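query-v1.txt follows; it contains compact mmCIF, C-alpha atoms.
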```txt
# COMPACT_ATOMS: atom_id res chain seq x y z
CA MET P 59 0.00 0.00 0.00
CA LYS P 60 1.41 3.36 -1.03
CA ILE P 61 0.74 6.08 1.54
CA ALA P 62 1.02 9.70 0.49
CA ARG P 63 0.95 12.97 2.34
CA PHE P 64 -0.46 15.65 0.09
CA SER P 65 -1.97 19.08 -0.20
CA SER P 66 -4.85 20.21 -2.38
CA PRO P 67 -6.37 23.65 -2.95
CA GLY P 68 -8.13 24.98 0.11
CA SER P 69 -7.04 22.26 2.56
CA ASP P 70 -4.29 21.54 5.04
CA PRO P 71 -1.92 18.61 4.36
CA ARG P 72 -3.72 15.26 4.49
CA PHE P 73 -2.92 11.60 4.05
CA GLY P 74 -4.17 9.18 1.45
CA ILE P 75 -3.69 5.85 -0.27
CA ILE P 76 -2.52 5.94 -3.88
CA ASP P 77 -4.94 3.93 -6.03
CA ASP P 78 -3.77 4.08 -9.66
CA ASP P 79 -4.36 7.70 -10.70
CA GLU P 80 -6.39 8.64 -7.62
CA VAL P 81 -5.79 9.38 -3.95
CA VAL P 82 -8.17 7.79 -1.46
CA VAL P 83 -8.28 10.27 1.41
CA LEU P 84 -7.65 8.91 4.91
CA GLN P 85 -9.22 10.10 8.16
CA GLY P 86 -5.82 11.10 9.55
CA ASP P 87 -2.19 10.10 9.89
CA PRO P 88 -2.31 6.32 9.38
CA MET P 89 0.68 5.82 11.64
CA PHE P 90 -1.50 6.85 14.55
CA VAL P 91 -5.15 6.44 13.53
CA GLY P 92 -5.02 3.55 11.08
CA PHE P 93 -6.20 3.27 7.50
CA GLU P 94 -9.85 4.29 7.80
CA THR P 95 -10.84 6.22 4.69
CA THR P 96 -13.25 9.05 4.03
CA GLU P 97 -15.67 9.10 1.13
CA GLU P 98 -13.37 11.42 -0.79
CA ARG P 99 -11.25 10.51 -3.80
CA LEU P 100 -9.03 13.00 -5.61
CA ALA P 101 -7.27 12.80 -8.93
CA LEU P 102 -3.56 12.30 -8.33
CA ALA P 103 -2.85 14.94 -10.96
CA ASP P 104 -4.78 17.51 -8.90
CA VAL P 105 -2.81 17.17 -5.66
CA ARG P 106 0.72 18.06 -4.64
CA LEU P 107 2.70 15.28 -2.99
CA LEU P 108 4.59 16.35 0.13
CA ALA P 109 7.27 14.63 2.17
CA PRO P 110 5.32 11.54 3.30
CA VAL P 111 6.63 11.86 6.84
CA ILE P 112 8.12 14.68 8.91
CA PRO P 113 10.15 12.94 11.63
CA ARG P 114 8.90 14.09 15.00
CA SER P 115 12.16 13.14 16.68
CA LYS P 116 15.12 12.31 14.42
CA ILE P 117 16.60 11.04 11.20
CA VAL P 118 19.28 8.44 11.82
CA ALA P 119 21.60 7.92 8.87
CA VAL P 120 24.14 5.20 8.22
CA GLY P 121 27.45 6.00 6.56
CA ARG P 122 29.51 3.72 4.31
CA ASN P 123 26.93 0.94 4.25
CA TYR P 124 27.76 -0.05 0.67
CA ARG P 125 31.29 -1.37 0.23
CA ALA P 126 31.81 0.20 -3.22
CA HIS P 127 30.75 3.63 -1.96
CA ALA P 128 33.19 3.47 0.95
CA GLU P 129 35.94 2.52 -1.47
CA GLU P 130 35.17 5.31 -3.95
CA LEU P 131 35.76 7.87 -1.19
CA GLY P 132 38.91 6.11 0.02
CA ASN P 133 37.36 4.78 3.23
CA GLU P 134 37.21 1.39 4.86
CA VAL P 135 33.88 -0.27 5.63
CA PRO P 136 33.22 0.11 9.35
CA ALA P 137 32.93 -3.12 11.35
CA GLU P 138 29.80 -1.69 12.98
CA PRO P 139 27.24 0.74 11.52
CA LEU P 140 28.53 4.30 11.32
CA LEU P 141 25.70 6.53 12.56
CA PHE P 142 24.97 10.21 12.26
CA PHE P 143 21.91 12.45 12.53
CA LYS P 144 20.12 14.81 10.17
CA PRO P 145 17.68 17.33 11.68
CA ASN P 146 14.02 17.16 10.73
CA THR P 147 14.37 20.72 9.41
CA SER P 148 16.41 19.27 6.53
CA VAL P 149 13.37 17.39 5.18
CA ILE P 150 11.70 18.45 1.94
CA GLY P 151 9.28 16.63 -0.35
CA PRO P 152 9.06 15.78 -4.03
CA GLY P 153 9.57 18.72 -6.35
CA GLU P 154 10.94 21.01 -3.65
CA ALA P 155 14.32 22.59 -4.31
CA ILE P 156 17.60 21.50 -2.79
CA VAL P 157 19.18 24.84 -1.88
CA LEU P 158 22.96 25.03 -2.18
CA PRO P 159 24.46 26.77 0.87
CA PRO P 160 27.01 29.53 0.29
CA GLN P 161 29.34 27.91 2.83
CA SER P 162 30.03 24.95 0.51
CA GLU P 163 31.73 24.62 -2.85
CA GLN P 164 30.80 20.96 -3.40
CA VAL P 165 27.39 19.51 -2.63
CA ASP P 166 26.80 15.85 -3.53
CA PHE P 167 23.72 13.68 -4.03
CA GLU P 168 23.40 10.32 -2.23
CA GLY P 169 20.37 8.23 -3.18
CA GLU P 170 19.15 5.97 -0.38
CA LEU P 171 16.46 3.58 0.80
CA ALA P 172 14.76 5.01 3.90
CA VAL P 173 12.98 3.10 6.67
CA VAL P 174 10.02 4.76 8.41
CA ILE P 175 9.56 3.63 12.00
CA GLY P 176 5.97 2.99 13.05
CA ALA P 177 6.20 2.03 16.73
CA LEU P 178 8.26 2.89 19.77
CA ALA P 179 11.42 0.83 19.47
CA LYS P 180 14.01 0.20 22.16
CA ASN P 181 16.35 -2.81 22.25
CA VAL P 182 14.57 -4.44 19.32
CA ALA P 183 16.13 -7.71 18.20
CA ALA P 184 16.87 -8.03 14.50
CA ALA P 185 14.37 -10.90 14.31
CA ASP P 186 11.63 -8.55 15.53
CA ALA P 187 12.55 -5.53 13.41
CA ALA P 188 9.57 -5.89 11.07
CA SER P 189 7.21 -5.23 13.98
CA VAL P 190 8.41 -1.63 14.33
CA ILE P 191 8.62 -0.73 10.62
CA PHE P 192 5.74 1.28 9.18
CA GLY P 193 7.13 1.21 5.66
CA TYR P 194 9.85 2.37 3.30
CA THR P 195 10.43 5.43 1.18
CA VAL P 196 13.11 7.03 -0.99
CA ALA P 197 15.61 9.62 0.28
CA ASN P 198 18.51 11.74 -0.84
CA ASP P 199 21.21 12.25 1.80
CA VAL P 200 22.48 15.52 0.34
CA THR P 201 25.99 16.27 1.59
CA ALA P 202 28.31 19.28 1.56
CA ARG P 203 31.33 17.10 0.79
CA ASP P 204 33.99 19.76 1.36
CA LEU P 205 32.56 20.66 4.77
CA GLN P 206 32.29 16.97 5.69
CA LYS P 207 36.03 16.70 5.18
CA THR P 208 37.07 19.92 6.90
CA ASP P 209 34.66 19.73 9.84
CA GLY P 210 35.67 16.20 10.83
CA GLN P 211 32.20 15.47 12.17
CA TRP P 212 29.24 15.49 9.82
CA ALA P 213 26.46 17.48 11.49
CA ARG P 214 26.79 20.65 9.43
CA ALA P 215 27.68 18.96 6.14
CA LYS P 216 24.63 16.70 6.31
CA GLY P 217 22.21 18.94 8.14
CA PHE P 218 21.55 22.06 6.06
CA ASP P 219 17.94 22.95 5.38
CA THR P 220 16.67 21.03 2.28
CA PHE P 221 19.41 18.38 2.60
CA CYS P 222 17.00 15.48 3.18
CA PRO P 223 14.48 15.07 0.36
CA ILE P 224 12.04 12.22 1.14
CA GLY P 225 9.24 10.70 -0.92
CA PRO P 226 7.19 10.36 -2.96
CA VAL P 227 5.27 7.80 -0.87
CA ILE P 228 5.67 5.29 1.93
CA GLU P 229 5.29 1.71 0.71
CA THR P 230 3.97 -0.33 3.63
CA GLU P 231 4.35 -3.73 1.96
CA PHE P 232 7.90 -3.37 0.69
CA VAL P 233 10.25 -6.27 1.43
CA VAL P 234 13.96 -5.58 1.02
CA GLY P 235 15.48 -7.90 -1.55
CA ASP P 236 17.38 -7.44 -4.78
CA GLN P 237 15.59 -4.26 -5.83
CA VAL P 238 17.61 -1.69 -7.77
CA ILE P 239 18.36 1.71 -6.27
CA GLY P 240 19.55 4.37 -8.65
CA THR P 241 20.10 8.07 -9.13
CA ARG P 242 19.91 10.21 -12.25
CA VAL P 243 21.12 13.77 -12.58
CA ASN P 244 19.62 15.56 -15.56
CA GLU P 245 18.45 12.16 -16.87
CA GLN P 246 21.99 10.74 -16.78
CA ILE P 247 22.49 7.61 -14.68
CA LYS P 248 24.92 8.25 -11.83
CA GLN P 249 24.12 5.48 -9.34
CA ALA P 250 22.80 1.97 -9.91
CA GLY P 251 23.08 -0.58 -7.13
CA SER P 252 21.22 -3.44 -5.53
CA LEU P 253 19.80 -3.53 -2.04
CA THR P 254 21.53 -6.90 -1.69
CA ASP P 255 24.77 -4.92 -1.40
CA LEU P 256 23.86 -3.37 1.95
CA VAL P 257 26.68 -4.22 4.35
CA HIS P 258 24.41 -4.05 7.40
CA SER P 259 20.84 -5.19 6.76
CA VAL P 260 17.77 -3.23 7.83
CA PRO P 261 17.01 -5.62 10.74
CA ALA P 262 20.64 -5.40 11.88
CA LEU P 263 20.51 -1.61 11.73
CA ILE P 264 17.32 -1.44 13.79
CA GLU P 265 18.82 -3.73 16.41
CA TYR P 266 22.02 -1.67 16.58
CA ILE P 267 20.35 1.73 16.57
CA SER P 268 17.59 0.88 19.03
CA ALA P 269 20.16 -0.47 21.47
CA ALA P 270 21.63 3.02 21.65
CA PHE P 271 18.56 5.22 21.66
CA THR P 272 14.81 4.87 21.45
CA LEU P 273 13.23 5.19 18.03
CA LEU P 274 9.84 6.89 17.94
CA PRO P 275 6.99 6.58 15.44
CA GLY P 276 7.82 8.75 12.47
CA ASP P 277 11.57 8.51 12.90
CA VAL P 278 13.45 7.74 9.69
CA ILE P 279 16.54 5.61 9.09
CA LEU P 280 18.63 6.30 5.98
CA THR P 281 20.34 3.03 5.11
CA GLY P 282 23.31 4.25 3.07
CA THR P 283 24.13 5.00 -0.56
CA PRO P 284 25.64 2.88 -3.34
CA ALA P 285 28.68 3.95 -5.37
CA GLY P 286 28.48 6.77 -7.87
CA VAL P 287 27.89 9.82 -5.70
CA GLY P 288 28.85 13.16 -7.19
CA PRO P 289 28.30 16.90 -7.21
CA ILE P 290 25.17 18.81 -8.10
CA VAL P 291 24.94 22.44 -9.20
CA SER P 292 22.21 25.00 -9.55
CA GLY P 293 19.86 24.09 -12.37
CA ASP P 294 20.30 20.35 -12.00
CA SER P 295 17.45 17.90 -11.47
CA VAL P 296 18.11 14.89 -9.22
CA GLU P 297 15.95 11.78 -9.41
CA VAL P 298 16.39 8.91 -6.94
CA THR P 299 14.48 5.70 -7.65
CA VAL P 300 13.97 2.59 -5.56
CA GLU P 301 12.36 -0.24 -7.48
CA GLY P 302 8.99 -1.08 -5.94
CA ILE P 303 8.57 2.28 -4.19
CA GLY P 304 8.92 5.06 -6.74
CA SER P 305 11.01 8.03 -7.81
CA LEU P 306 11.87 11.17 -5.87
CA THR P 307 12.79 14.19 -8.00
CA ASN P 308 14.13 17.52 -6.77
CA PRO P 309 15.52 20.56 -8.58
CA VAL P 310 18.70 22.23 -7.36
CA ARG P 311 19.11 25.94 -6.93
```
When written as structure tokens, how does the structure in this file appear?
Amino acid sequence: MKIARFSSPGSDPRFGIIDDDEVVVLQGDPMFVGFETTEERLALADVRLLAPVIPRSKIVAVGRNYRAHAEELGNEVPAEPLLFFKPNTSVIGPGEAIVLPPQSEQVDFEGELAVVIGALAKNVAAADAASVIFGYTVANDVTARDLQKTDGQWARAKGFDTFCPIGPVIETEFVVGDQVIGTRVNEQIKQAGSLTDLVHSVPALIEYISAAFTLLPGDVILTGTPAGVGPIVSGDSVEVTVEGIGSLTNPVR
């Protein structure tokens, strides 16, 4: 089931289920009130898709979780997941612009599979990870690469406003397998990897992360990016696609 958060003329943001070329409007946020629908259906072409979730607490990201990506940047693959945070103020939705900060001279795209947490999670065993997952979406872990190198720690380089595009939907029935994840910049393929190449699996990540700090409903985990990352400049269009979920496109300015 593909869950969207959307806006339409004259209404506040709402939630719905994508049904072909229509949106079936839900009573409220399905993460908290379930999937009860209203009588309303809207044409998908008449609504604007928003970021499907705004994390109420945190975005936990995992660095160097694809071996080839670690190698392309001259890094070793960590023995344990390498974690960092992105603030929820970095989140934007489909079609919103990634804004290049004046502090950086090199901003890179990083297409990623994102996990949306649906239940309070603390010390969750890998075998039980599915019980706390609401669904999956697509993300772009935008990074000021020069600042990442000079700062030493990654908070500023990863955390600028607009540096976490998410969308277009949350797929609640997605099962991680050999799906392709890829990124195009101006229609040119830059990244193409398989989710089988994740060094640390989603269940392993949830076990590791939840052992350190409690995950709350609406929190998002970014699972890492495959090889092929590179710079973006004003005027570019970045499209990240995860097979089985959809494509997330954002202009750059």
Interface rows for range 169-251 of chain P against range 60-82 of chain P: nearest pair, Å to one decimal, 9 Å, all atoms listed in the file, as a tab-separated table:
```
residue	atom	partner	partner_atom	distance
P:Gly225	CA	P:Ala62	CA	8.4
P:Pro226	CA	P:Ala62	CA	7.1
P:Val227	CA	P:Ala62	CA	4.8
P:Ile228	CA	P:Ile61	CA	5.0
P:Glu229	CA	P:Lys60	CA	4.6
P:Thr230	CA	P:Lys60	CA	6.5
P:Glu231	CA	P:Lys60	CA	8.2
```
Check which residues of range 150-193 of chain P sit at most 10 Å from range 199-212 of chain P using all atoms listed in the file, and return one row each with the closest pair of atoms and their distance in Å to one decimal, ordered by chain and rising number, as a Markdown table.
```
| residue | atom | partner | partner_atom | distance |
| --- | --- | --- | --- | --- |
| P:Ile156 | CA | P:Val200 | CA | 8.3 |
| P:Leu158 | CA | P:Ala202 | CA | 8.7 |
| P:Pro159 | CA | P:Ala202 | CA | 8.4 |
| P:Gln161 | CA | P:Leu205 | CA | 8.2 |
| P:Ser162 | CA | P:Ala202 | CA | 6.0 |
| P:Glu163 | CA | P:Asp204 | CA | 6.8 |
| P:Gln164 | CA | P:Arg203 | CA | 5.7 |
| P:Val165 | CA | P:Ala202 | CA | 4.3 |
| P:Asp166 | CA | P:Thr201 | CA | 5.2 |
| P:Phe167 | CA | P:Val200 | CA | 4.9 |
| P:Glu168 | CA | P:Asp199 | CA | 5.0 |
| P:Gly169 | CA | P:Asp199 | CA | 6.5 |
| P:Glu170 | CA | P:Asp199 | CA | 7.0 |
| P:Leu171 | CA | P:Asp199 | CA | 9.9 |
| P:Ala172 | CA | P:Asp199 | CA | 9.9 |
```
Write out as a ChimeraX atom specification each polymer residue whose atoms come within 10 Å of Lys180 in chain P, counting only C-alpha atoms; drop sequence neighbours fewer than 6 positions from it. /P:190,264-274
Just the selected residues (C-alpha atoms), exported as a PDB file, in the coordinates of the input, please.
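The resulting out.pdb:
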```pdb
ATOM      1  CA  VAL P 190       8.410  -1.630  14.330  1.00  0.00           C
ATOM      2  CA  ILE P 264      17.320  -1.440  13.790  1.00  0.00           C
ATOM      3  CA  GLU P 265      18.820  -3.730  16.410  1.00  0.00           C
ATOM      4  CA  TYR P 266      22.020  -1.670  16.580  1.00  0.00           C
ATOM      5  CA  ILE P 267      20.350   1.730  16.570  1.00  0.00           C
ATOM      6  CA  SER P 268      17.590   0.880  19.030  1.00  0.00           C
ATOM      7  CA  ALA P 269      20.160  -0.470  21.470  1.00  0.00           C
ATOM      8  CA  ALA P 270      21.630   3.020  21.650  1.00  0.00           C
ATOM      9  CA  PHE P 271      18.560   5.220  21.660  1.00  0.00           C
ATOM     10  CA  THR P 272      14.810   4.870  21.450  1.00  0.00           C
ATOM     11  CA  LEU P 273      13.230   5.190  18.030  1.00  0.00           C
ATOM     12  CA  LEU P 274       9.840   6.890  17.940  1.00  0.00           C
TER      13      LEU P 274
END
```
Can I get the residues of range 91-119 of chain P within 9 Å of range 130-154 of chain P, each with the closest pair of atoms and their distance in Å to one decimal, using only C-alpha atoms, sorted chain first then ascending number, as a Markdown table?
```
| residue | atom | partner | partner_atom | distance |
| --- | --- | --- | --- | --- |
| P:Arg106 | CA | P:Pro152 | CA | 8.7 |
| P:Leu107 | CA | P:Pro152 | CA | 6.5 |
| P:Leu108 | CA | P:Gly151 | CA | 4.7 |
| P:Ala109 | CA | P:Gly151 | CA | 3.8 |
| P:Pro110 | CA | P:Gly151 | CA | 7.4 |
| P:Val111 | CA | P:Val149 | CA | 8.9 |
| P:Ile112 | CA | P:Asn146 | CA | 6.7 |
| P:Pro113 | CA | P:Asn146 | CA | 5.8 |
| P:Arg114 | CA | P:Asn146 | CA | 7.3 |
| P:Ser115 | CA | P:Asn146 | CA | 7.4 |
| P:Lys116 | CA | P:Asn146 | CA | 6.2 |
| P:Ile117 | CA | P:Lys144 | CA | 5.3 |
| P:Val118 | CA | P:Phe143 | CA | 4.8 |
| P:Ala119 | CA | P:Phe142 | CA | 5.3 |
```
Nearby residues (all atoms listed in the file) at most 7 Å from Val300 in chain P, same-chain spacing under 2 positions excluded, as a PyMOL selection string: chain P and resi 171+196+238-240+298+302-305
Between CA of Gly288 in chain P and CA of Lys248 in chain P, what is the spacing in Å?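 Taking CA of Lys248 in chain P and CA of Gly288 in chain P, their separation equals 7.8 Å.
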Centre and edge lengths, as JSON, for the axis-aligned box enclosing every listed atom of range 155-165 of chain P with 5 Å of padding on each of the six sides, in Å to one decimal?
```
{"center_x": 23.0, "center_y": 24.5, "center_z": -0.7, "size_x": 27.4, "size_y": 20.0, "size_z": 17.1}
```
Could you state the separation of CA of Gly282 in chain P and CA of Gly121 in chain P in Å, given to one decimal place?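 Between CA of Gly282 in chain P and CA of Gly121 in chain P the gap works out to 5.7 Å.
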Some atoms are missing, so please complete range 278-290 of chain P with N, CA, C and O atoms and return it as a short mmCIF file (atom, residue, chain, number, x, y, z; two decimals), in the coordinates of the input.
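Final output, rebuild_4.cif:
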```cif
data_model
loop_
_atom_site.label_atom_id
_atom_site.label_comp_id
_atom_site.auth_asym_id
_atom_site.auth_seq_id
_atom_site.Cartn_x
_atom_site.Cartn_y
_atom_site.Cartn_z
N VAL P 278 13.02 8.27 10.98
CA VAL P 278 13.45 7.74 9.69
C VAL P 278 14.89 7.27 9.79
O VAL P 278 15.73 7.95 10.39
N ILE P 279 15.18 6.11 9.20
CA ILE P 279 16.54 5.61 9.09
C ILE P 279 16.95 5.64 7.62
O ILE P 279 16.26 5.07 6.77
N LEU P 280 18.05 6.33 7.31
CA LEU P 280 18.63 6.30 5.98
C LEU P 280 19.69 5.21 5.95
O LEU P 280 20.61 5.22 6.77
N THR P 281 19.57 4.28 5.02
CA THR P 281 20.34 3.03 5.11
C THR P 281 21.68 3.05 4.37
O THR P 281 22.39 2.05 4.38
N GLY P 282 22.04 4.18 3.77
CA GLY P 282 23.31 4.25 3.07
C GLY P 282 23.13 4.37 1.57
O GLY P 282 22.04 4.13 1.04
N THR P 283 24.19 4.74 0.88
CA THR P 283 24.13 5.00 -0.56
C THR P 283 25.10 4.12 -1.32
O THR P 283 26.20 3.85 -0.84
N PRO P 284 24.72 3.66 -2.51
CA PRO P 284 25.64 2.88 -3.34
C PRO P 284 26.69 3.79 -3.98
O PRO P 284 26.64 5.02 -3.84
N ALA P 285 27.62 3.19 -4.71
CA ALA P 285 28.68 3.95 -5.37
C ALA P 285 28.09 4.85 -6.45
O ALA P 285 27.00 4.62 -6.96
N GLY P 286 28.87 5.89 -6.78
CA GLY P 286 28.48 6.77 -7.87
C GLY P 286 28.09 8.16 -7.45
O GLY P 286 27.62 8.95 -8.27
N VAL P 287 28.27 8.49 -6.17
CA VAL P 287 27.89 9.82 -5.70
C VAL P 287 28.71 10.88 -6.42
O VAL P 287 29.82 10.63 -6.90
N GLY P 288 28.15 12.09 -6.51
CA GLY P 288 28.85 13.16 -7.19
C GLY P 288 28.19 14.49 -6.96
O GLY P 288 27.12 14.58 -6.34
N PRO P 289 28.78 15.55 -7.49
CA PRO P 289 28.30 16.90 -7.21
C PRO P 289 27.06 17.27 -8.00
O PRO P 289 26.80 16.76 -9.09
N ILE P 290 26.31 18.20 -7.43
CA ILE P 290 25.17 18.81 -8.10
C ILE P 290 25.37 20.32 -8.07
O ILE P 290 26.00 20.86 -7.16
#
```
